[in-house]
2 protein chains.
Amino acid sequence: MSKSFVSANDVARHAGVSRSAVSRAFTPGASVSEETRKRVMKSAQVLGYHVNQLARGLMRSESGIVCLVVSEMDTPYRARLVRALTRDLQKAGKVAMLINTDRSDGGVDLALRQTLNYRADASILLSGLPDKAITKLCLDSGQRIVLINRDDEIDGPFHINLEDQQAAKIAVSAFLRAGCRSLAFVNSEVRTPSLMARERGFLSAAASFGIDVATTHHGNTVYESGRRAAHSLLTGLNRPDAVFCVNDLMALGFMDSARQDFGIRIPEDLCVIGFDDIEQAGWSSYELTTFAQPIDQIVQASLFWLNDTLGNQNVKSVTFNAPLVWRKTIRGNHQPT
Amino acid sequence: MSKSFVSANDVARHAGVSRSAVSRAFTPGASVSEETRKRVMKSAQVLGYHVNQLARGLMRSESGIVCLVVSEMDTPYRARLVRALTRDLQKAGKVAMLINTDRSDGGVDLALRQTLNYRADASILLSGLPDKAITKLCLDSGQRIVLINRDDEIDGPFHINLEDQQAAKIAVSAFLRAGCRSLAFVNSEVRTPSLMARERGFLSAAASFGIDVATTHHGNTVYESGRRAAHSLLTGLNRPDAVFCVNDLMALGFMDSARQDFGIRIPEDLCVIGFDDIEQAGWSSYELTTFAQPIDQIVQASLFWLNDTLGNQNVKSVTFNAPLVWRKTIRGNHQPT
DNA sequence: ACGCATTTTGCAAGCGTGTGCAAAAGTTTC
DNA sequence: GAAACTTTTGCACACGCTTGCAAAATGCGT
């Protein structure tokens, strides 16, 4: 058996200084002479010492742990967000604890409570919505909360949102400029605020042009639901010639079904716009024109707010623009410069 | 300001017992009378007390933290594995710490050392390969290590592998039964053991039938590399009529390019087999016949080994079979029952 | 009621670290 | 060289928890 772990005591003895000196040597702002710091570092190197973050987190108010609360994290958009968040969290000297809330609805609350047990500095919620009581509990415990695309009426967390309605409006005008006259909106049964905002925005923008919109709500925001939406929208006599899908996955499923089950050509017969700009949207079978999630901005905003120890109470929310990425599912060349 | 956190002391006072009593009440095997346990739990409920896992991990040998060391975790296969692992880890009362090793090569070692700072009970490496010295360091610190699809000569960790060569052999015979005569193998420049095993297996199986195989090595194991492979394999005069791609992403890129850039029909002119069985392989634009990663088995094996505190030294590795999922990229109906 | 075996309980000593406080060491000024 | 000041250092306590050990409480047989 090995000698387990080397503690600050060991390196103190080895360097011939007190244990406090070691502690201070590893604390950025502490008062240590350059000479002893060098010596401590040298001994630490030799013995292979690393400060025990558990113990440090016990003393300090900050544990360095940030929880990512996610469900269905293998979804392309979520996976990319998680990847970017973990990368930048590490770069900021923090570490990500991943909490999976796949199962029941109470999963989020349970998970968020779990984050308290590990004294996480913050929780970033990519999906699901915490109960207000739990949110308050977390905030009272000194934890920060970031809600991404989850702008409900909860007060206290930092909200990061997208200009969903604005995007939907742009989608309408893009369709109209392409000469489309019969619009459709493909949504899921998931009633996320951002998804609903897209629907609201699309309907109201269309209404302002005096156009009716056929709307569907099928299952989850996944590929298969897109296919089902295609079946219910394209079987009738008066097919739409433009579809805004709430989500890229649904858009891709819709496209596949439209082409293969109905022989529809895209974009000649049907224009499609999606949302998220997942990798697959750029694949040459699809070349989907879609709104891009500003992932870098989202991550950057999250981390900035988390690191901002001072006036974090001032900023309550940020709203980003989701730019339209033009590919080939809208006919004509009406793309604005 | 709120009163921060409620400690075991608070609940002890509230319940009229000693600190040790409440500690024992939260420790499964401890010696407490049922009566006081009830009372402690009641008080804990009222005060909103939860065991501080940081402090608990300081005393106990186990912190309950398991690190997942991953790079490029937004890849469909990896994302699914991470999702399944976190789900089941939580179910087992542990929590996943996600370590991103995207950047440099030394990232893995750095990350693995980081896991020591948080006294993780174990590390599961989905990608990247640790230096031997670091591995030894982790093992000496009482940490367990699981290597998934990374069976190198490192001793100590638990290895989970796939029957890559076996799968490649099956691919060859599937192609031959479909009447293919000109085989190709699409690989990346990534020299992962499992990828190389697939190549070796494919080449040797083909050789045993006296067949030469055209092989390509392009970039990373991603969609775009599959496209590039298609360009280098299909521009020549004697095109292959069967391609085994080391990876689904490459297979999908290959298919798209073959169809759109070269007008090749699949499976009439060209048969394709992939590996991983990612979600996109099942999309109706592809319907890719591919080997499925036995994700559930992998996860189950990992957790079983992690929880097996006793004879874990006996079992050193497990090798799973990757079953072939028959879809529509192999012509004919030669699928064995 | 008593002795004995068996829980149950509280005390206190840790686990590895941060940090206030006062003493020690070093620096400047006259 | 002493006084006044600043920097560095070590002591000791705190953080919230677990656990060995011995004392107290309980059960049980006679």
# chains A, B, ... in the order shown; residues from 1 in each chain; ligands from 1
$ select_by_dssp --residues "stretch 19-258 of chain A" --states "alpha helix (DSSP H)" --output "VMD selection string"
chain A and resid 19 to 25 34 to 47 53 to 59 76 to 91 107 to 117 132 to 140 164 to 177 193 to 208 223 to 234 248 to 258
$ calpha_fit_and_write --fixed "chain B" --moving "chain A" --output "mmCIF file with C-alpha atoms, in the first residue's frame"
data_model
loop_
_atom_site.group_PDB
_atom_site.id
_atom_site.type_symbol
_atom_site.label_atom_id
_atom_site.label_comp_id
_atom_site.auth_asym_id
_atom_site.auth_seq_id
_atom_site.Cartn_x
_atom_site.Cartn_y
_atom_site.Cartn_z
ATOM 1 C CA MET A 1 -28.418 38.199 4.580
ATOM 2 C CA SER A 2 -29.483 34.717 5.438
ATOM 3 C CA LYS A 3 -27.977 32.468 8.038
ATOM 4 C CA SER A 4 -25.902 30.673 5.455
ATOM 5 C CA PHE A 5 -25.824 26.974 6.132
ATOM 6 C CA VAL A 6 -27.328 24.750 8.765
ATOM 7 C CA SER A 7 -24.847 22.298 10.244
ATOM 8 C CA ALA A 8 -25.183 19.041 12.072
ATOM 9 C CA ASN A 9 -24.701 20.986 15.269
ATOM 10 C CA ASP A 10 -27.845 22.975 14.681
ATOM 11 C CA VAL A 11 -29.995 19.956 14.069
ATOM 12 C CA ALA A 12 -28.455 18.221 17.096
ATOM 13 C CA ARG A 13 -29.444 21.105 19.301
ATOM 14 C CA HIS A 14 -32.900 21.201 17.779
ATOM 15 C CA ALA A 15 -33.432 17.480 18.257
ATOM 16 C CA GLY A 16 -31.934 17.440 21.736
ATOM 17 C CA VAL A 17 -29.264 14.887 20.947
ATOM 18 C CA SER A 18 -25.527 14.953 20.456
ATOM 19 C CA ARG A 19 -23.932 15.830 17.164
ATOM 20 C CA SER A 20 -22.601 12.313 16.787
ATOM 21 C CA ALA A 21 -26.163 11.082 16.859
ATOM 22 C CA VAL A 22 -26.953 13.256 13.878
ATOM 23 C CA SER A 23 -23.919 12.023 12.053
ATOM 24 C CA ARG A 24 -24.874 8.441 12.742
ATOM 25 C CA ALA A 25 -28.456 9.007 11.723
ATOM 26 C CA PHE A 26 -27.211 9.891 8.273
ATOM 27 C CA THR A 27 -24.766 7.020 8.085
ATOM 28 C CA PRO A 28 -26.457 3.853 6.789
ATOM 29 C CA GLY A 29 -24.707 1.221 8.866
ATOM 30 C CA ALA A 30 -24.316 3.173 12.084
ATOM 31 C CA SER A 31 -25.573 2.262 15.516
ATOM 32 C CA VAL A 32 -28.562 4.437 16.308
ATOM 33 C CA SER A 33 -31.874 3.606 17.873
ATOM 34 C CA GLU A 34 -34.798 3.866 15.545
ATOM 35 C CA GLU A 35 -36.364 6.408 17.828
ATOM 36 C CA THR A 36 -33.579 8.987 17.803
ATOM 37 C CA ARG A 37 -33.054 8.491 14.089
ATOM 38 C CA LYS A 38 -36.653 9.451 13.508
ATOM 39 C CA ARG A 39 -36.261 12.506 15.669
ATOM 40 C CA VAL A 40 -33.065 13.574 13.964
ATOM 41 C CA MET A 41 -34.624 13.156 10.555
ATOM 42 C CA LYS A 42 -37.594 15.197 11.634
ATOM 43 C CA SER A 43 -35.415 18.053 12.851
ATOM 44 C CA ALA A 44 -33.284 17.853 9.734
ATOM 45 C CA GLN A 45 -36.402 18.160 7.640
ATOM 46 C CA VAL A 46 -37.554 21.182 9.584
ATOM 47 C CA LEU A 47 -34.244 22.994 9.453
ATOM 48 C CA GLY A 48 -33.488 21.957 5.903
ATOM 49 C CA TYR A 49 -30.308 20.162 6.789
ATOM 50 C CA HIS A 50 -28.253 18.187 4.335
ATOM 51 C CA VAL A 51 -24.935 16.610 5.128
ATOM 52 C CA ASN A 52 -22.032 18.560 3.735
ATOM 53 C CA GLN A 53 -20.445 16.211 1.247
ATOM 54 C CA LEU A 54 -17.217 18.165 1.287
ATOM 55 C CA ALA A 55 -16.725 17.595 4.987
ATOM 56 C CA ARG A 56 -17.897 14.029 4.738
ATOM 57 C CA GLY A 57 -15.438 13.416 1.952
ATOM 58 C CA LEU A 58 -12.735 14.836 4.150
ATOM 59 C CA MET A 59 -13.274 12.241 6.820
ATOM 60 C CA ARG A 60 -14.325 9.246 4.850
ATOM 61 C CA SER A 61 -12.136 7.759 2.252
ATOM 62 C CA GLU A 62 -14.894 8.191 -0.299
ATOM 63 C CA SER A 63 -15.951 11.558 -1.598
ATOM 64 C CA GLY A 64 -18.699 10.246 -3.834
ATOM 65 C CA ILE A 65 -17.204 12.077 -6.773
ATOM 66 C CA VAL A 66 -16.473 10.277 -10.006
ATOM 67 C CA CYS A 67 -14.675 12.155 -12.735
ATOM 68 C CA LEU A 68 -15.528 11.788 -16.379
ATOM 69 C CA VAL A 69 -12.580 12.738 -18.523
ATOM 70 C CA VAL A 70 -13.752 13.527 -22.028
ATOM 71 C CA SER A 71 -12.714 15.463 -25.058
ATOM 72 C CA GLU A 72 -14.993 16.525 -27.858
ATOM 73 C CA MET A 73 -17.941 15.540 -25.763
ATOM 74 C CA ASP A 74 -20.468 16.948 -28.208
ATOM 75 C CA THR A 75 -19.802 14.054 -30.509
ATOM 76 C CA PRO A 76 -23.038 12.023 -30.649
ATOM 77 C CA TYR A 77 -21.588 8.809 -29.286
ATOM 78 C CA ARG A 78 -19.657 10.482 -26.491
ATOM 79 C CA ALA A 79 -22.592 12.667 -25.534
ATOM 80 C CA ARG A 80 -24.805 9.624 -25.218
ATOM 81 C CA LEU A 81 -22.230 7.838 -23.120
ATOM 82 C CA VAL A 82 -21.800 10.815 -20.821
ATOM 83 C CA ARG A 83 -25.542 11.103 -20.440
ATOM 84 C CA ALA A 84 -25.926 7.446 -19.543
ATOM 85 C CA LEU A 85 -22.972 7.500 -17.165
ATOM 86 C CA THR A 86 -24.147 10.540 -15.251
ATOM 87 C CA ARG A 87 -27.632 9.127 -14.982
ATOM 88 C CA ASP A 88 -26.512 5.848 -13.530
ATOM 89 C CA LEU A 89 -23.829 7.359 -11.341
ATOM 90 C CA GLN A 90 -26.448 9.500 -9.710
ATOM 91 C CA LYS A 91 -28.656 6.486 -9.318
ATOM 92 C CA ALA A 92 -25.786 4.854 -7.448
ATOM 93 C CA GLY A 93 -25.509 7.841 -5.109
ATOM 94 C CA LYS A 94 -22.430 9.271 -6.729
ATOM 95 C CA VAL A 95 -21.960 12.460 -8.638
ATOM 96 C CA ALA A 96 -20.137 13.137 -11.881
ATOM 97 C CA MET A 97 -17.446 15.725 -12.281
ATOM 98 C CA LEU A 98 -16.917 16.519 -15.913
ATOM 99 C CA ILE A 99 -13.408 17.194 -17.096
ATOM 100 C CA ASN A 100 -12.911 18.577 -20.550
ATOM 101 C CA THR A 101 -9.629 17.764 -22.252
ATOM 102 C CA ASP A 102 -10.251 19.467 -25.535
ATOM 103 C CA ARG A 103 -7.106 21.506 -25.836
ATOM 104 C CA SER A 104 -3.557 20.269 -25.806
ATOM 105 C CA ASP A 105 -2.288 16.744 -25.470
ATOM 106 C CA GLY A 106 -1.115 17.288 -21.915
ATOM 107 C CA GLY A 107 -4.703 18.099 -21.120
ATOM 108 C CA VAL A 108 -5.504 14.606 -19.983
ATOM 109 C CA ASP A 109 -2.705 14.468 -17.472
ATOM 110 C CA LEU A 110 -3.554 17.877 -16.149
ATOM 111 C CA ALA A 111 -7.193 16.929 -15.862
ATOM 112 C CA LEU A 112 -6.465 13.667 -14.163
ATOM 113 C CA ARG A 113 -4.298 15.440 -11.653
ATOM 114 C CA GLN A 114 -7.151 17.844 -11.095
ATOM 115 C CA THR A 115 -9.352 14.931 -10.147
ATOM 116 C CA LEU A 116 -6.942 14.190 -7.353
ATOM 117 C CA ASN A 117 -7.431 17.636 -5.904
ATOM 118 C CA TYR A 118 -11.074 16.875 -5.389
ATOM 119 C CA ARG A 119 -10.299 13.429 -4.043
ATOM 120 C CA ALA A 120 -12.431 11.741 -6.627
ATOM 121 C CA ASP A 121 -13.139 8.091 -5.924
ATOM 122 C CA ALA A 122 -12.636 7.209 -9.531
ATOM 123 C CA SER A 123 -12.013 8.525 -12.992
ATOM 124 C CA ILE A 124 -13.609 7.244 -16.148
ATOM 125 C CA LEU A 125 -11.684 8.107 -19.271
ATOM 126 C CA LEU A 126 -13.731 8.192 -22.442
ATOM 127 C CA SER A 127 -10.994 9.602 -24.558
ATOM 128 C CA GLY A 128 -7.407 10.515 -24.462
ATOM 129 C CA LEU A 129 -4.812 8.464 -22.783
ATOM 130 C CA PRO A 130 -3.148 9.233 -19.501
ATOM 131 C CA ASP A 131 0.538 9.152 -18.992
ATOM 132 C CA LYS A 132 1.643 6.064 -17.141
ATOM 133 C CA ALA A 133 3.098 8.091 -14.299
ATOM 134 C CA ILE A 134 -0.169 9.928 -13.752
ATOM 135 C CA THR A 135 -2.101 6.695 -13.846
ATOM 136 C CA LYS A 136 0.131 5.268 -11.190
ATOM 137 C CA LEU A 137 -0.239 8.398 -9.131
ATOM 138 C CA CYS A 138 -4.006 8.131 -9.272
ATOM 139 C CA LEU A 139 -4.020 4.477 -8.407
ATOM 140 C CA ASP A 140 -1.641 5.063 -5.514
ATOM 141 C CA SER A 141 -3.992 7.711 -4.231
ATOM 142 C CA GLY A 142 -6.676 5.088 -3.943
ATOM 143 C CA GLN A 143 -8.464 6.198 -7.046
ATOM 144 C CA ARG A 144 -9.920 3.742 -9.488
ATOM 145 C CA ILE A 145 -9.608 4.235 -13.190
ATOM 146 C CA VAL A 146 -11.795 2.978 -15.977
ATOM 147 C CA LEU A 147 -10.579 3.162 -19.546
ATOM 148 C CA ILE A 148 -13.267 2.888 -22.179
ATOM 149 C CA ASN A 149 -12.164 1.815 -25.626
ATOM 150 C CA ARG A 150 -8.649 2.692 -24.724
ATOM 151 C CA ASP A 151 -6.954 -0.607 -24.205
ATOM 152 C CA ASP A 152 -3.314 0.224 -24.211
ATOM 153 C CA GLU A 153 -0.629 -1.461 -22.275
ATOM 154 C CA ILE A 154 -1.395 0.428 -19.099
ATOM 155 C CA ASP A 155 -1.796 -1.796 -16.089
ATOM 156 C CA GLY A 156 -4.001 -1.076 -13.113
ATOM 157 C CA PRO A 157 -7.100 0.497 -14.662
ATOM 158 C CA PHE A 158 -10.200 -1.427 -15.581
ATOM 159 C CA HIS A 159 -10.433 -1.784 -19.323
ATOM 160 C CA ILE A 160 -13.677 -1.843 -21.241
ATOM 161 C CA ASN A 161 -13.329 -2.764 -24.845
ATOM 162 C CA LEU A 162 -15.205 -3.856 -27.886
ATOM 163 C CA GLU A 163 -14.658 -6.771 -30.172
ATOM 164 C CA ASP A 164 -13.409 -4.478 -32.865
ATOM 165 C CA GLN A 165 -11.612 -7.070 -34.915
ATOM 166 C CA GLN A 166 -14.547 -9.412 -34.700
ATOM 167 C CA ALA A 167 -16.861 -6.663 -35.908
ATOM 168 C CA ALA A 168 -14.576 -5.843 -38.793
ATOM 169 C CA LYS A 169 -14.594 -9.491 -39.764
ATOM 170 C CA ILE A 170 -18.373 -9.519 -39.774
ATOM 171 C CA ALA A 171 -18.361 -6.414 -41.929
ATOM 172 C CA VAL A 172 -16.215 -8.165 -44.512
ATOM 173 C CA SER A 173 -18.439 -11.189 -44.696
ATOM 174 C CA ALA A 174 -21.554 -9.023 -44.874
ATOM 175 C CA PHE A 175 -20.066 -7.213 -47.849
ATOM 176 C CA LEU A 176 -19.095 -10.427 -49.553
ATOM 177 C CA ARG A 177 -22.510 -11.958 -49.068
ATOM 178 C CA ALA A 178 -23.978 -8.845 -50.656
ATOM 179 C CA GLY A 179 -21.859 -9.507 -53.681
ATOM 180 C CA CYS A 180 -19.333 -6.771 -53.161
ATOM 181 C CA ARG A 181 -15.897 -7.380 -54.606
ATOM 182 C CA SER A 182 -13.978 -4.172 -54.171
ATOM 183 C CA LEU A 183 -13.642 -3.189 -50.551
ATOM 184 C CA ALA A 184 -12.487 0.047 -48.983
ATOM 185 C CA PHE A 185 -11.745 1.106 -45.443
ATOM 186 C CA VAL A 186 -12.189 4.668 -44.292
ATOM 187 C CA ASN A 187 -10.192 5.689 -41.272
ATOM 188 C CA SER A 188 -9.037 8.901 -39.683
ATOM 189 C CA GLU A 189 -5.575 9.982 -38.723
ATOM 190 C CA VAL A 190 -6.440 9.388 -35.096
ATOM 191 C CA ARG A 191 -4.485 6.406 -33.898
ATOM 192 C CA THR A 192 -6.770 5.128 -31.198
ATOM 193 C CA PRO A 193 -6.284 1.451 -30.376
ATOM 194 C CA SER A 194 -9.885 0.576 -31.151
ATOM 195 C CA LEU A 195 -9.796 2.343 -34.493
ATOM 196 C CA MET A 196 -6.598 0.586 -35.385
ATOM 197 C CA ALA A 197 -8.034 -2.732 -34.322
ATOM 198 C CA ARG A 198 -10.946 -2.234 -36.679
ATOM 199 C CA GLU A 199 -8.581 -1.490 -39.495
ATOM 200 C CA ARG A 200 -6.387 -4.464 -38.733
ATOM 201 C CA GLY A 201 -9.368 -6.764 -38.461
ATOM 202 C CA PHE A 202 -10.881 -5.552 -41.702
ATOM 203 C CA LEU A 203 -7.663 -5.863 -43.663
ATOM 204 C CA SER A 204 -6.789 -9.294 -42.361
ATOM 205 C CA ALA A 205 -10.294 -10.653 -42.882
ATOM 206 C CA ALA A 206 -10.296 -9.340 -46.427
ATOM 207 C CA ALA A 207 -6.847 -10.761 -46.988
ATOM 208 C CA SER A 208 -8.043 -14.176 -45.910
ATOM 209 C CA PHE A 209 -10.393 -14.017 -48.902
ATOM 210 C CA GLY A 210 -7.617 -12.797 -51.131
ATOM 211 C CA ILE A 211 -9.068 -9.321 -51.429
ATOM 212 C CA ASP A 212 -7.168 -6.072 -51.396
ATOM 213 C CA VAL A 213 -8.592 -3.119 -49.533
ATOM 214 C CA ALA A 214 -8.243 0.544 -50.418
ATOM 215 C CA THR A 215 -7.597 2.446 -47.222
ATOM 216 C CA THR A 216 -7.760 6.161 -46.451
ATOM 217 C CA HIS A 217 -6.701 8.188 -43.458
ATOM 218 C CA HIS A 218 -8.158 11.650 -43.240
ATOM 219 C CA GLY A 219 -8.262 14.136 -40.395
ATOM 220 C CA ASN A 220 -10.409 13.537 -37.379
ATOM 221 C CA THR A 221 -13.256 11.053 -37.018
ATOM 222 C CA VAL A 222 -15.833 13.592 -38.145
ATOM 223 C CA TYR A 223 -18.361 14.150 -40.904
ATOM 224 C CA GLU A 224 -16.113 16.346 -42.982
ATOM 225 C CA SER A 225 -13.333 13.755 -42.982
ATOM 226 C CA GLY A 226 -15.822 11.247 -44.354
ATOM 227 C CA ARG A 227 -16.498 13.579 -47.241
ATOM 228 C CA ARG A 228 -12.820 13.957 -47.929
ATOM 229 C CA ALA A 229 -12.398 10.208 -47.851
ATOM 230 C CA ALA A 230 -15.154 9.890 -50.426
ATOM 231 C CA HIS A 231 -13.376 12.309 -52.690
ATOM 232 C CA SER A 232 -10.119 10.434 -52.571
ATOM 233 C CA LEU A 233 -11.723 7.003 -52.963
ATOM 234 C CA LEU A 234 -14.350 7.744 -55.593
ATOM 235 C CA THR A 235 -12.496 9.959 -58.036
ATOM 236 C CA GLY A 236 -10.386 7.130 -59.417
ATOM 237 C CA LEU A 237 -11.486 4.733 -62.132
ATOM 238 C CA ASN A 238 -11.971 1.580 -60.123
ATOM 239 C CA ARG A 239 -14.353 2.629 -57.423
ATOM 240 C CA PRO A 240 -14.996 0.376 -54.459
ATOM 241 C CA ASP A 241 -18.465 -1.104 -54.130
ATOM 242 C CA ALA A 242 -18.254 -1.453 -50.365
ATOM 243 C CA VAL A 243 -16.931 0.848 -47.655
ATOM 244 C CA PHE A 244 -16.446 0.189 -43.992
ATOM 245 C CA CYS A 245 -16.130 3.456 -42.123
ATOM 246 C CA VAL A 246 -14.432 3.437 -38.781
ATOM 247 C CA ASN A 247 -17.120 5.653 -37.381
ATOM 248 C CA ASP A 248 -20.705 6.673 -38.139
ATOM 249 C CA LEU A 249 -19.912 10.346 -38.548
ATOM 250 C CA MET A 250 -17.395 9.549 -41.237
ATOM 251 C CA ALA A 251 -19.825 7.108 -42.829
ATOM 252 C CA LEU A 252 -22.529 9.744 -43.055
ATOM 253 C CA GLY A 253 -20.150 12.261 -44.572
ATOM 254 C CA PHE A 254 -19.009 9.623 -47.009
ATOM 255 C CA MET A 255 -22.565 8.774 -47.995
ATOM 256 C CA ASP A 256 -23.525 12.388 -48.568
ATOM 257 C CA SER A 257 -20.528 13.009 -50.740
ATOM 258 C CA ALA A 258 -20.897 9.762 -52.650
ATOM 259 C CA ARG A 259 -24.506 10.504 -53.501
ATOM 260 C CA GLN A 260 -24.284 14.192 -54.183
ATOM 261 C CA ASP A 261 -20.815 14.673 -55.596
ATOM 262 C CA PHE A 262 -20.597 11.398 -57.507
ATOM 263 C CA GLY A 263 -24.192 10.404 -58.156
ATOM 264 C CA ILE A 264 -23.655 7.037 -56.568
ATOM 265 C CA ARG A 265 -26.679 5.095 -55.376
ATOM 266 C CA ILE A 266 -26.597 3.400 -51.993
ATOM 267 C CA PRO A 267 -26.831 0.476 -51.608
ATOM 268 C CA GLU A 268 -27.250 -0.393 -55.301
ATOM 269 C CA ASP A 269 -23.822 0.818 -56.359
ATOM 270 C CA LEU A 270 -22.145 1.033 -53.018
ATOM 271 C CA CYS A 271 -22.616 -0.669 -49.661
ATOM 272 C CA VAL A 272 -21.677 1.146 -46.472
ATOM 273 C CA ILE A 273 -21.169 0.034 -42.905
ATOM 274 C CA GLY A 274 -20.423 2.329 -40.003
ATOM 275 C CA PHE A 275 -19.642 2.051 -36.330
ATOM 276 C CA ASP A 276 -21.310 3.461 -33.182
ATOM 277 C CA ASP A 277 -24.964 3.531 -34.182
ATOM 278 C CA ILE A 278 -25.439 7.181 -33.370
ATOM 279 C CA GLU A 279 -28.908 8.603 -33.619
ATOM 280 C CA GLN A 280 -28.289 10.160 -37.022
ATOM 281 C CA ALA A 281 -27.483 6.756 -38.487
ATOM 282 C CA GLY A 282 -31.149 5.925 -38.134
ATOM 283 C CA TRP A 283 -32.369 9.050 -39.893
ATOM 284 C CA SER A 284 -34.205 8.260 -43.062
ATOM 285 C CA SER A 285 -31.692 10.063 -45.255
ATOM 286 C CA TYR A 286 -29.119 7.533 -44.213
ATOM 287 C CA GLU A 287 -30.571 4.349 -42.720
ATOM 288 C CA LEU A 288 -27.029 3.276 -42.118
ATOM 289 C CA THR A 289 -26.212 -0.314 -41.330
ATOM 290 C CA THR A 290 -23.761 -0.057 -38.463
ATOM 291 C CA PHE A 291 -22.288 -1.672 -35.403
ATOM 292 C CA ALA A 292 -23.933 -0.500 -32.206
ATOM 293 C CA GLN A 293 -21.945 0.613 -29.210
ATOM 294 C CA PRO A 294 -23.342 -1.389 -26.278
ATOM 295 C CA ILE A 295 -23.642 1.741 -24.189
ATOM 296 C CA ASP A 296 -25.828 0.232 -21.511
ATOM 297 C CA GLN A 297 -23.438 -2.626 -21.011
ATOM 298 C CA ILE A 298 -20.479 -0.287 -20.877
ATOM 299 C CA VAL A 299 -22.110 1.882 -18.259
ATOM 300 C CA GLN A 300 -23.285 -1.082 -16.263
ATOM 301 C CA ALA A 301 -19.853 -2.658 -16.281
ATOM 302 C CA SER A 302 -18.203 0.589 -15.228
ATOM 303 C CA LEU A 303 -20.492 1.081 -12.298
ATOM 304 C CA PHE A 304 -20.355 -2.502 -11.216
ATOM 305 C CA TRP A 305 -16.604 -2.419 -11.119
ATOM 306 C CA LEU A 306 -16.571 0.881 -9.278
ATOM 307 C CA ASN A 307 -18.927 -0.379 -6.618
ATOM 308 C CA ASP A 308 -17.154 -3.645 -6.200
ATOM 309 C CA THR A 309 -14.976 -2.820 -3.225
ATOM 310 C CA LEU A 310 -13.766 -6.325 -2.712
ATOM 311 C CA GLY A 311 -12.327 -8.418 -5.441
ATOM 312 C CA ASN A 312 -11.837 -5.680 -7.955
ATOM 313 C CA GLN A 313 -8.300 -6.791 -8.440
ATOM 314 C CA ASN A 314 -9.473 -9.987 -10.028
ATOM 315 C CA VAL A 315 -11.248 -8.525 -13.017
ATOM 316 C CA LYS A 316 -8.985 -6.454 -15.178
ATOM 317 C CA SER A 317 -10.990 -5.985 -18.311
ATOM 318 C CA VAL A 318 -14.200 -6.717 -20.134
ATOM 319 C CA THR A 319 -14.786 -7.008 -23.837
ATOM 320 C CA PHE A 320 -18.212 -6.501 -25.293
ATOM 321 C CA ASN A 321 -19.679 -7.442 -28.586
ATOM 322 C CA ALA A 322 -20.890 -4.671 -30.874
ATOM 323 C CA PRO A 323 -23.907 -6.090 -32.679
ATOM 324 C CA LEU A 324 -24.528 -5.147 -36.283
ATOM 325 C CA VAL A 325 -27.708 -3.134 -36.734
ATOM 326 C CA TRP A 326 -29.128 -3.875 -40.141
ATOM 327 C CA ARG A 327 -30.652 -0.972 -41.989
ATOM 328 C CA LYS A 328 -30.513 -0.156 -45.637
ATOM 329 C CA THR A 329 -26.965 0.481 -46.744
ATOM 330 C CA ILE A 330 -26.286 -3.114 -47.649
ATOM 331 C CA ARG A 331 -28.054 -4.480 -50.675
ATOM 332 C CA GLY A 332 -29.960 -7.706 -50.779
ATOM 333 C CA ASN A 333 -31.483 -9.464 -47.860
ATOM 334 C CA HIS A 334 -28.604 -11.480 -46.561
ATOM 335 C CA GLN A 335 -29.137 -10.523 -42.990
ATOM 336 C CA PRO A 336 -28.802 -13.608 -40.825
ATOM 337 C CA THR A 337 -31.600 -14.341 -38.431
#
$ select_by_dssp --residues "stretch 193-318 of chain B" --states "strand (DSSP E)" --output "MDAnalysis selection string"
chainID B and resid 213:217 242:245 271:276 289:292 317:318
$ interface_residues --of "chain D" --to "chain B" --cutoff "10 Å" --atoms "only C-alpha atoms (C1' of nucleotides)" --output "list in words"
DC15, DG16, DC17, DT18 and DT19 of chain D
$ interface_residues --of "chain C" --to "chain B" --cutoff "10 Å" --atoms "only C-alpha atoms (C1' of nucleotides)" --output "list of chain:residue names"
C:DT7, C:DT8, C:DT9, C:DG10, C:DC11, C:DG14, C:DC15, C:DG16
$ atom_distance --atom1 "atom C1' of C:DA23" --atom2 "atom C1' of D:DG1"
22.2 Å
